[in-house]
$ cat model-v7.tsv   # TSV, C-alpha atoms
chain	number	residue	atom	x	y	z
V	1	MET	CA	-32.90	6.53	46.56
V	2	PHE	CA	-31.70	4.05	49.16
V	3	ARG	CA	-30.51	1.74	46.38
V	4	THR	CA	-28.48	4.60	44.89
V	5	LEU	CA	-26.90	5.38	48.26
V	6	ASN	CA	-26.11	1.70	48.81
V	7	ARG	CA	-24.45	1.47	45.42
V	8	LYS	CA	-22.36	4.57	46.11
V	9	PHE	CA	-21.37	3.18	49.48
V	10	ILE	CA	-20.40	-0.20	47.99
V	11	PHE	CA	-18.35	1.26	45.13
V	12	GLY	CA	-16.76	3.78	47.48
V	13	THR	CA	-15.73	0.98	49.83
V	14	ILE	CA	-14.29	-1.03	46.93
V	15	ALA	CA	-12.34	2.00	45.78
V	16	ARG	CA	-10.87	2.52	49.24
V	17	VAL	CA	-9.78	-1.05	49.82
V	18	THR	CA	-8.74	-1.93	46.26
V	19	PRO	CA	-4.99	-2.67	46.11
V	20	THR	CA	-4.27	0.06	43.58
V	21	PHE	CA	-0.57	-0.76	43.67
V	22	ILE	CA	-1.51	-3.76	41.51
V	23	VAL	CA	-4.58	-2.49	39.62
V	24	PRO	CA	-5.22	1.16	40.54
V	25	ILE	CA	-8.38	1.66	38.49
V	26	PHE	CA	-10.20	3.96	40.87
V	27	HIS	CA	-7.25	6.13	41.96
V	28	GLU	CA	-3.64	6.61	40.99
V	29	ARG	CA	-2.55	5.52	44.46
V	30	ASN	CA	-4.45	4.19	47.42
V	31	GLN	CA	-3.58	5.41	50.91
V	32	ASN	CA	-4.14	1.90	52.27
V	33	ASP	CA	-1.52	0.35	49.98
V	34	GLU	CA	1.83	-0.73	51.33
V	35	ILE	CA	4.49	1.76	50.24
V	36	LEU	CA	6.93	-0.18	48.08
V	37	LEU	CA	7.97	2.47	45.60
V	38	THR	CA	10.43	5.31	46.02
V	39	ASP	CA	8.90	8.75	46.25
V	40	SER	CA	10.02	10.70	43.20
V	41	ASN	CA	9.87	13.98	45.16
V	42	ASN	CA	12.70	12.79	47.41
V	43	GLU	CA	15.02	11.89	44.54
V	44	VAL	CA	17.99	14.12	43.81
V	45	GLN	CA	17.66	16.12	40.62
V	46	GLN	CA	19.94	14.61	37.98
V	47	THR	CA	20.70	15.23	34.34
V	48	GLY	CA	20.03	12.68	31.62
V	49	TRP	CA	23.69	11.66	31.42
V	50	ASP	CA	23.84	11.26	35.20
V	51	ARG	CA	20.90	8.88	35.10
V	52	LEU	CA	22.46	6.93	32.22
V	53	ARG	CA	25.78	6.75	34.04
V	54	ALA	CA	24.01	5.44	37.14
V	55	MET	CA	22.13	2.90	35.03
V	56	TYR	CA	25.36	1.37	33.68
V	57	SER	CA	27.23	1.54	36.99
V	58	ARG	CA	27.26	-0.65	40.08
V	59	ASN	CA	26.35	0.54	43.55
V	60	GLU	CA	28.41	0.28	46.74
V	61	PHE	CA	27.29	-3.34	47.14
V	62	ASP	CA	28.60	-4.22	43.65
V	63	GLU	CA	25.04	-4.70	42.38
V	64	TYR	CA	23.70	-3.76	38.97
V	65	SER	CA	21.05	-1.09	38.58
V	66	ILE	CA	17.33	-1.79	38.54
V	67	GLU	CA	17.16	-1.00	34.83
V	68	LEU	CA	19.92	-3.41	33.79
V	69	HIS	CA	18.46	-6.10	36.02
V	70	ASN	CA	15.13	-5.80	34.21
V	71	VAL	CA	16.84	-5.80	30.80
V	72	VAL	CA	18.46	-9.13	31.67
V	73	GLN	CA	15.15	-10.51	32.90
V	74	GLU	CA	13.37	-9.44	29.71
V	75	SER	CA	16.13	-11.00	27.60
V	76	LEU	CA	15.77	-14.31	29.44
V	77	CYS	CA	12.00	-14.11	29.06
V	78	GLY	CA	12.38	-13.54	25.31
V	79	PHE	CA	14.79	-16.48	25.09
V	80	PHE	CA	12.34	-18.74	26.93
V	81	ILE	CA	9.37	-17.71	24.76
V	82	GLY	CA	11.41	-18.08	21.55
V	83	ALA	CA	12.76	-21.47	22.60
V	84	SER	CA	9.27	-22.69	23.52
V	85	LEU	CA	7.62	-21.50	20.30
V	86	GLY	CA	10.46	-22.69	18.06
V	87	GLY	CA	10.64	-26.05	19.79
V	88	PHE	CA	6.91	-26.70	19.61
V	89	ILE	CA	6.66	-25.67	15.95
V	90	LYS	CA	9.67	-27.76	14.89
V	91	SER	CA	8.57	-30.78	16.90
V	92	ARG	CA	5.07	-30.64	15.40
V	93	ASP	CA	6.50	-30.48	11.86
V	94	ALA	CA	8.89	-33.30	12.69
V	95	TYR	CA	6.05	-35.49	13.96
V	96	LEU	CA	3.99	-34.96	10.80
V	97	ASN	CA	7.00	-35.52	8.54
V	98	PHE	CA	7.94	-38.73	10.33
V	99	ILE	CA	4.41	-40.14	10.00
V	100	GLN	CA	4.23	-39.15	6.34
V	101	ASN	CA	7.68	-40.39	5.31
V	102	ASN	CA	7.62	-43.69	7.22
V	103	GLN	CA	4.24	-45.09	6.27
V	104	ALA	CA	5.88	-47.86	4.27
V	105	THR	CA	8.81	-48.37	6.64
V	106	ILE	CA	8.96	-51.76	8.34
V	107	PHE	CA	9.85	-51.67	12.06
V	108	HIS	CA	10.70	-54.74	14.13
V	109	SER	CA	8.32	-53.69	16.89
V	110	THR	CA	6.01	-50.91	18.02
V	111	PHE	CA	8.57	-49.96	20.67
V	112	GLU	CA	11.21	-49.36	18.00
V	113	ALA	CA	8.87	-47.17	15.97
V	114	LYS	CA	7.91	-45.07	19.01
V	115	LYS	CA	11.54	-44.74	20.06
V	116	LYS	CA	12.66	-43.47	16.65
V	117	LEU	CA	9.69	-41.10	16.54
V	118	GLN	CA	10.53	-39.79	20.01
V	119	ASP	CA	14.19	-39.31	19.15
V	120	TYR	CA	13.33	-37.52	15.92
V	121	VAL	CA	10.83	-35.20	17.63
V	122	THR	CA	13.18	-34.46	20.54
V	123	ILE	CA	16.09	-33.54	18.25
V	124	SER	CA	13.81	-31.32	16.18
V	125	PHE	CA	12.53	-29.63	19.35
V	126	ALA	CA	16.09	-28.89	20.46
V	127	LYS	CA	17.01	-27.49	17.03
V	128	GLY	CA	13.91	-25.29	16.94
V	129	ALA	CA	14.47	-24.07	20.49
V	130	TYR	CA	18.08	-23.15	19.70
V	131	HIS	CA	17.19	-21.56	16.36
V	132	TRP	CA	14.52	-19.25	17.77
V	133	GLY	CA	15.61	-18.93	21.40
V	134	TRP	CA	18.86	-17.03	21.04
V	135	ARG	CA	17.50	-14.85	18.23
V	136	LEU	CA	14.45	-13.70	20.14
V	137	GLY	CA	16.51	-13.37	23.32
V	138	ILE	CA	19.08	-11.09	21.69
V	139	PHE	CA	16.38	-9.12	19.85
V	140	THR	CA	14.40	-8.60	23.07
V	141	GLY	CA	17.53	-7.66	25.00
V	142	ILE	CA	18.68	-5.06	22.46
V	143	PHE	CA	15.19	-3.59	22.17
V	144	SER	CA	14.73	-3.43	25.93
V	145	LEU	CA	18.19	-1.88	26.38
V	146	PHE	CA	17.48	0.87	23.85
V	147	VAL	CA	14.01	1.66	25.18
V	148	THR	CA	15.16	1.63	28.80
V	149	SER	CA	18.19	3.84	28.05
V	150	ILE	CA	16.07	6.40	26.20
V	151	SER	CA	13.40	6.48	28.91
V	152	VAL	CA	16.06	6.79	31.65
V	153	TYR	CA	17.74	9.66	29.81
V	154	ARG	CA	14.42	11.47	29.30
V	155	ASN	CA	13.19	10.43	32.77
V	156	ARG	CA	9.81	9.41	31.36
V	157	SER	CA	8.32	6.87	28.97
V	158	SER	CA	6.56	7.75	25.73
V	159	LEU	CA	5.61	6.15	22.43
V	160	SER	CA	8.65	7.65	20.71
V	161	ASP	CA	10.93	5.57	22.96
V	162	TYR	CA	9.43	2.35	21.60
V	163	ILE	CA	9.50	3.55	17.99
V	164	VAL	CA	13.15	4.62	18.15
V	165	GLY	CA	14.14	1.49	20.07
V	166	GLY	CA	12.32	-0.80	17.65
V	167	SER	CA	13.79	0.94	14.60
V	168	LEU	CA	17.34	0.72	15.91
V	169	THR	CA	16.87	-2.90	16.91
V	170	GLY	CA	15.43	-3.85	13.52
V	171	ALA	CA	18.28	-2.10	11.71
V	172	ILE	CA	20.94	-3.82	13.83
V	173	TYR	CA	19.23	-7.21	13.45
V	174	LYS	CA	19.43	-6.92	9.63
V	175	ALA	CA	22.84	-5.22	9.49
V	176	ASN	CA	24.54	-8.27	7.97
V	177	LEU	CA	22.25	-8.11	4.92
V	178	GLY	CA	23.18	-4.62	3.77
V	179	PRO	CA	21.75	-1.06	3.92
V	180	THR	CA	18.50	-1.92	2.13
V	181	ALA	CA	17.70	-4.71	4.58
V	182	MET	CA	18.59	-2.39	7.46
V	183	LEU	CA	16.07	0.17	6.25
V	184	VAL	CA	13.39	-2.49	5.90
V	185	GLY	CA	14.22	-3.89	9.32
V	186	ALA	CA	14.09	-0.41	10.85
V	187	GLY	CA	10.68	0.24	9.29
V	188	VAL	CA	9.21	-3.10	10.35
V	189	GLY	CA	10.71	-2.77	13.83
V	190	GLY	CA	9.36	0.75	14.22
V	191	VAL	CA	5.83	-0.28	13.21
V	192	LEU	CA	5.75	-3.36	15.42
V	193	SER	CA	7.24	-1.53	18.39
V	194	ALA	CA	4.75	1.31	17.92
V	195	MET	CA	1.88	-1.18	18.15
V	196	GLY	CA	3.42	-2.74	21.24
V	197	GLY	CA	4.11	0.68	22.76
V	198	VAL	CA	0.51	1.77	22.29
V	199	LEU	CA	-0.67	-1.41	24.02
V	200	ILE	CA	1.80	-1.11	26.93
V	201	LEU	CA	1.28	2.61	27.50
V	202	GLY	CA	-2.48	2.13	27.29
V	203	LEU	CA	-2.39	-0.53	29.98
V	204	LEU	CA	-0.15	1.67	32.12
V	205	LYS	CA	-2.53	4.60	31.66
V	206	ILE	CA	-5.48	2.50	32.77
V	207	SER	CA	-3.63	1.08	35.76
V	208	GLY	CA	-2.16	4.42	36.82
V	209	LEU	CA	1.39	3.06	36.99
V	210	SER	CA	4.57	3.92	35.16
V	211	MET	CA	7.42	1.81	33.82
V	212	ASP	CA	9.66	3.13	36.59
V	213	ASP	CA	7.14	1.89	39.17
V	214	ILE	CA	7.10	-1.56	37.57
V	215	ARG	CA	10.92	-1.75	37.45
V	216	LYS	CA	11.20	-0.80	41.11
V	217	SER	CA	8.48	-3.29	42.05
V	218	LEU	CA	10.22	-6.13	40.21
V	219	TYR	CA	13.52	-5.22	41.85
V	220	LYS	CA	11.78	-5.14	45.24
V	221	ILE	CA	10.45	-8.64	44.58
V	222	LYS	CA	13.99	-9.79	43.70
V	223	GLU	CA	15.37	-8.33	46.93
V	224	THR	CA	12.60	-9.96	48.97
V	225	ARG	CA	13.25	-13.32	47.31
V	226	GLN	CA	16.97	-13.04	47.99
V	227	LYS	CA	16.30	-12.08	51.61
V	228	LEU	CA	14.05	-15.11	52.09
V	229	MET	CA	16.70	-17.37	50.54
V	230	ASP	CA	19.37	-15.96	52.87
V	231	GLU	CA	17.11	-16.51	55.86
V	232	ALA	CA	16.44	-20.09	54.79
V	233	ILE	CA	20.18	-20.74	54.39
V	234	GLU	CA	20.82	-19.20	57.79
V	235	LYS	CA	18.21	-21.42	59.44
V	236	SER	CA	19.56	-24.56	57.77
V	237	ALA	CA	23.15	-23.86	58.82
V	238	THR	CA	24.44	-26.48	61.25
V	239	GLU	CA	27.11	-24.21	62.77
V	240	LYS	CA	26.23	-20.54	62.83
V	241	ASN	CA	29.10	-19.30	65.02
V	242	ASP	CA	32.32	-21.06	64.10
V	243	HIS	CA	35.69	-20.29	65.65
V	244	LEU	CA	36.66	-17.76	62.98
V	245	THR	CA	33.43	-15.81	63.45
V	246	GLN	CA	33.80	-15.85	67.22
V	247	HIS	CA	37.40	-14.58	66.94
V	248	HIS	CA	36.24	-11.82	64.60
V	249	ASP	CA	33.50	-10.77	67.05
V	250	ILE	CA	36.05	-10.61	69.90
V	251	ILE	CA	38.39	-8.36	67.89
V	252	VAL	CA	35.52	-6.08	66.86
V	253	LYS	CA	34.36	-5.86	70.48
V	254	GLU	CA	37.85	-4.96	71.69
V	255	LYS	CA	38.77	-2.40	69.03
V	256	GLY	CA	35.31	-1.16	68.18
V	257	VAL	CA	33.68	-0.59	64.81
V	258	GLN	CA	35.48	1.73	62.39
V	259	LYS	CA	34.29	3.14	59.09
V	260	VAL	CA	36.27	2.41	55.94
V	261	GLU	CA	36.88	6.09	55.23
V	262	ASP	CA	38.33	6.57	58.75
V	263	LEU	CA	40.98	3.89	58.32
V	264	PRO	CA	44.57	5.16	57.85

$ encode --input "model-v7.tsv" --output "structure tokens"
Amino acid sequence: MFRTLNRKFIFGTIARVTPTFIVPIFHERNQNDEILLTDSNNEVQQTGWDRLRAMYSRNEFDEYSIELHNVVQESLCGFFIGASLGGFIKSRDAYLNFIQNNQATIFHSTFEAKKKLQDYVTISFAKGAYHWGWRLGIFTGIFSLFVTSISVYRNRSSLSDYIVGGSLTGAIYKANLGPTAMLVGAGVGGVLSAMGGVLILGLLKISGLSMDDIRKSLYKIKETRQKLMDEAIEKSATEKNDHLTQHHDIIVKEKGVQKVEDLP
């Protein structure tokens, strides 16, 4: 009996102190977590077109929306993964081909042989990275843009968003090969995106988060990183108050602060 009570106490304590913002297995949200996400109850009710218009617009600080920022990040991530995979595969094939095709080649020294091998492998790595990098980057960007736009319009994420996004992306990717290839690409893209959507939505269901929470969290991390960079630049500045800044402060102090909309 005491062992059962101890176990309940231990698991209850773990559930209370677990940072559920990262892995909320025990609860959807933990009251001890730091509040980093916007409360959806405080958001103004908008239509689907209003949310899409806001997604593709800039705010008063001339900044892109959270959704577009994440689309760009996902595109760059796809480019990096494609470049890495393509480069490694091409460089491996180049290494094996060089060894196989130059067994009877006479080199003046070991250094010359290694140099030619290194040059051959490096050029092949660059070609493979270019060949796969931009393709996977564009494919990931288009897919992410479609899925994000659909989920923003519907104001929720579901498996149909991934299927539609994958089908449209596959069709566009094979558009230069004709209607038949577009249909095949749409089918393959829909199947693959459905598998990925099931995996992503399953992980989100287990963690208790949503895609909107993740987007806002990533944007919050970006803002924090930018703030830290600005603070570091400010600390490293040799002259923080130059003559122009001092003159500006004097004028503001004399005339006072005015809002832009109040100016004549």

$ atom_distance --input "model-v7.tsv" --atom1 "atom CA of V:Lys222" --atom2 "atom CA of V:Ser65"
12.3 Å

$ closest_residue --input "model-v7.tsv" --among "V:Ser124, V:Ser149, V:Ser167, V:Gln73" --to "V:Gly87" --atoms "only C-alpha atoms"
V:Ser124

$ residues_around --input "model-v7.tsv" --residues "V:Ile150" --least-positions-apart "4" --cutoff "7 Å" --atoms "only C-alpha atoms" --output "JSON, numbers by chain"
{"V": [146, 154, 161]}

$ residues_around --input "model-v7.tsv" --residues "stretch 112-122 of chain V" --least-positions-apart "2" --cutoff "10 Å" --atoms "only C-alpha atoms" --output "PyMOL selection string"
chain V and resi 87-88+90-99+102+105-110+124-128

$ write_last_selection --input "model-v7.tsv" --atoms "C-alpha atoms" --output "mmCIF file, in the frame of the given file"
data_model
loop_
_atom_site.group_PDB
_atom_site.id
_atom_site.type_symbol
_atom_site.label_atom_id
_atom_site.label_comp_id
_atom_site.auth_asym_id
_atom_site.auth_seq_id
_atom_site.Cartn_x
_atom_site.Cartn_y
_atom_site.Cartn_z
ATOM 1 C CA GLY V 87 10.640 -26.050 19.790
ATOM 2 C CA PHE V 88 6.910 -26.700 19.610
ATOM 3 C CA LYS V 90 9.670 -27.760 14.890
ATOM 4 C CA SER V 91 8.570 -30.780 16.900
ATOM 5 C CA ARG V 92 5.070 -30.640 15.400
ATOM 6 C CA ASP V 93 6.500 -30.480 11.860
ATOM 7 C CA ALA V 94 8.890 -33.300 12.690
ATOM 8 C CA TYR V 95 6.050 -35.490 13.960
ATOM 9 C CA LEU V 96 3.990 -34.960 10.800
ATOM 10 C CA ASN V 97 7.000 -35.520 8.540
ATOM 11 C CA PHE V 98 7.940 -38.730 10.330
ATOM 12 C CA ILE V 99 4.410 -40.140 10.000
ATOM 13 C CA ASN V 102 7.620 -43.690 7.220
ATOM 14 C CA THR V 105 8.810 -48.370 6.640
ATOM 15 C CA ILE V 106 8.960 -51.760 8.340
ATOM 16 C CA PHE V 107 9.850 -51.670 12.060
ATOM 17 C CA HIS V 108 10.700 -54.740 14.130
ATOM 18 C CA SER V 109 8.320 -53.690 16.890
ATOM 19 C CA THR V 110 6.010 -50.910 18.020
ATOM 20 C CA SER V 124 13.810 -31.320 16.180
ATOM 21 C CA PHE V 125 12.530 -29.630 19.350
ATOM 22 C CA ALA V 126 16.090 -28.890 20.460
ATOM 23 C CA LYS V 127 17.010 -27.490 17.030
ATOM 24 C CA GLY V 128 13.910 -25.290 16.940
#

$ closest_residue --input "model-v7.tsv" --among "V:Thr47, V:Ser84, V:Thr169, V:Asn59" --to "V:Ile138" --atoms "only C-alpha atoms"
V:Thr169

$ build_atoms --input "model-v7.tsv" --residues "stretch 220-239 of chain V" --atoms "N, CA, C and O atoms" --output "PDB file, in the coordinates of the input"
ATOM      1  N   LYS V 220      12.157  -4.898  43.840  1.00  0.00           N
ATOM      2  CA  LYS V 220      11.780  -5.140  45.240  1.00  0.00           C
ATOM      3  C   LYS V 220      11.439  -6.609  45.453  1.00  0.00           C
ATOM      4  O   LYS V 220      11.803  -7.208  46.476  1.00  0.00           O
ATOM      5  N   ILE V 221      10.761  -7.216  44.490  1.00  0.00           N
ATOM      6  CA  ILE V 221      10.450  -8.640  44.580  1.00  0.00           C
ATOM      7  C   ILE V 221      11.728  -9.467  44.578  1.00  0.00           C
ATOM      8  O   ILE V 221      11.863 -10.441  45.323  1.00  0.00           O
ATOM      9  N   LYS V 222      12.702  -9.084  43.732  1.00  0.00           N
ATOM     10  CA  LYS V 222      13.990  -9.790  43.700  1.00  0.00           C
ATOM     11  C   LYS V 222      14.693  -9.697  45.054  1.00  0.00           C
ATOM     12  O   LYS V 222      15.231 -10.693  45.560  1.00  0.00           O
ATOM     13  N   GLU V 223      14.717  -8.499  45.637  1.00  0.00           N
ATOM     14  CA  GLU V 223      15.370  -8.330  46.930  1.00  0.00           C
ATOM     15  C   GLU V 223      14.678  -9.153  48.013  1.00  0.00           C
ATOM     16  O   GLU V 223      15.334  -9.757  48.873  1.00  0.00           O
ATOM     17  N   THR V 224      13.346  -9.175  47.977  1.00  0.00           N
ATOM     18  CA  THR V 224      12.600  -9.960  48.970  1.00  0.00           C
ATOM     19  C   THR V 224      12.885 -11.439  48.807  1.00  0.00           C
ATOM     20  O   THR V 224      13.067 -12.160  49.803  1.00  0.00           O
ATOM     21  N   ARG V 225      12.939 -11.914  47.553  1.00  0.00           N
ATOM     22  CA  ARG V 225      13.250 -13.320  47.310  1.00  0.00           C
ATOM     23  C   ARG V 225      14.648 -13.678  47.794  1.00  0.00           C
ATOM     24  O   ARG V 225      14.855 -14.729  48.421  1.00  0.00           O
ATOM     25  N   GLN V 226      15.612 -12.788  47.535  1.00  0.00           N
ATOM     26  CA  GLN V 226      16.970 -13.040  47.990  1.00  0.00           C
ATOM     27  C   GLN V 226      17.057 -13.027  49.516  1.00  0.00           C
ATOM     28  O   GLN V 226      17.778 -13.831  50.117  1.00  0.00           O
ATOM     29  N   LYS V 227      16.309 -12.140  50.143  1.00  0.00           N
ATOM     30  CA  LYS V 227      16.300 -12.080  51.610  1.00  0.00           C
ATOM     31  C   LYS V 227      15.731 -13.357  52.201  1.00  0.00           C
ATOM     32  O   LYS V 227      16.251 -13.901  53.188  1.00  0.00           O
ATOM     33  N   LEU V 228      14.650 -13.868  51.604  1.00  0.00           N
ATOM     34  CA  LEU V 228      14.050 -15.110  52.090  1.00  0.00           C
ATOM     35  C   LEU V 228      15.006 -16.290  51.903  1.00  0.00           C
ATOM     36  O   LEU V 228      15.097 -17.172  52.763  1.00  0.00           O
ATOM     37  N   MET V 229      15.724 -16.301  50.770  1.00  0.00           N
ATOM     38  CA  MET V 229      16.700 -17.370  50.540  1.00  0.00           C
ATOM     39  C   MET V 229      17.832 -17.309  51.566  1.00  0.00           C
ATOM     40  O   MET V 229      18.268 -18.343  52.096  1.00  0.00           O
ATOM     41  N   ASP V 230      18.309 -16.100  51.873  1.00  0.00           N
ATOM     42  CA  ASP V 230      19.370 -15.960  52.870  1.00  0.00           C
ATOM     43  C   ASP V 230      18.893 -16.407  54.250  1.00  0.00           C
ATOM     44  O   ASP V 230      19.643 -17.057  54.997  1.00  0.00           O
ATOM     45  N   GLU V 231      17.643 -16.075  54.573  1.00  0.00           N
ATOM     46  CA  GLU V 231      17.110 -16.510  55.860  1.00  0.00           C
ATOM     47  C   GLU V 231      16.976 -18.025  55.928  1.00  0.00           C
ATOM     48  O   GLU V 231      17.242 -18.636  56.968  1.00  0.00           O
ATOM     49  N   ALA V 232      16.563 -18.626  54.805  1.00  0.00           N
ATOM     50  CA  ALA V 232      16.440 -20.090  54.790  1.00  0.00           C
ATOM     51  C   ALA V 232      17.807 -20.753  54.925  1.00  0.00           C
ATOM     52  O   ALA V 232      17.956 -21.755  55.635  1.00  0.00           O
ATOM     53  N   ILE V 233      18.828 -20.189  54.262  1.00  0.00           N
ATOM     54  CA  ILE V 233      20.180 -20.740  54.390  1.00  0.00           C
ATOM     55  C   ILE V 233      20.693 -20.582  55.811  1.00  0.00           C
ATOM     56  O   ILE V 233      21.336 -21.480  56.368  1.00  0.00           O
ATOM     57  N   GLU V 234      20.386 -19.436  56.421  1.00  0.00           N
ATOM     58  CA  GLU V 234      20.820 -19.200  57.790  1.00  0.00           C
ATOM     59  C   GLU V 234      20.171 -20.179  58.764  1.00  0.00           C
ATOM     60  O   GLU V 234      20.822 -20.695  59.689  1.00  0.00           O
ATOM     61  N   LYS V 235      18.898 -20.485  58.556  1.00  0.00           N
ATOM     62  CA  LYS V 235      18.210 -21.420  59.440  1.00  0.00           C
ATOM     63  C   LYS V 235      18.715 -22.849  59.257  1.00  0.00           C
ATOM     64  O   LYS V 235      18.733 -23.631  60.203  1.00  0.00           O
ATOM     65  N   SER V 236      19.100 -23.193  58.036  1.00  0.00           N
ATOM     66  CA  SER V 236      19.560 -24.560  57.770  1.00  0.00           C
ATOM     67  C   SER V 236      21.023 -24.779  58.116  1.00  0.00           C
ATOM     68  O   SER V 236      21.522 -25.894  58.009  1.00  0.00           O
ATOM     69  N   ALA V 237      21.733 -23.731  58.494  1.00  0.00           N
ATOM     70  CA  ALA V 237      23.150 -23.860  58.820  1.00  0.00           C
ATOM     71  C   ALA V 237      23.314 -24.678  60.104  1.00  0.00           C
ATOM     72  O   ALA V 237      22.644 -24.439  61.105  1.00  0.00           O
ATOM     73  N   THR V 238      24.208 -25.633  60.069  1.00  0.00           N
ATOM     74  CA  THR V 238      24.440 -26.480  61.250  1.00  0.00           C
ATOM     75  C   THR V 238      25.310 -25.784  62.286  1.00  0.00           C
ATOM     76  O   THR V 238      25.179 -26.021  63.485  1.00  0.00           O
ATOM     77  N   GLU V 239      26.220 -24.924  61.851  1.00  0.00           N
ATOM     78  CA  GLU V 239      27.110 -24.210  62.770  1.00  0.00           C
ATOM     79  C   GLU V 239      27.111 -22.742  62.388  1.00  0.00           C
ATOM     80  O   GLU V 239      27.721 -22.329  61.404  1.00  0.00           O
TER      81      GLU V 239
END
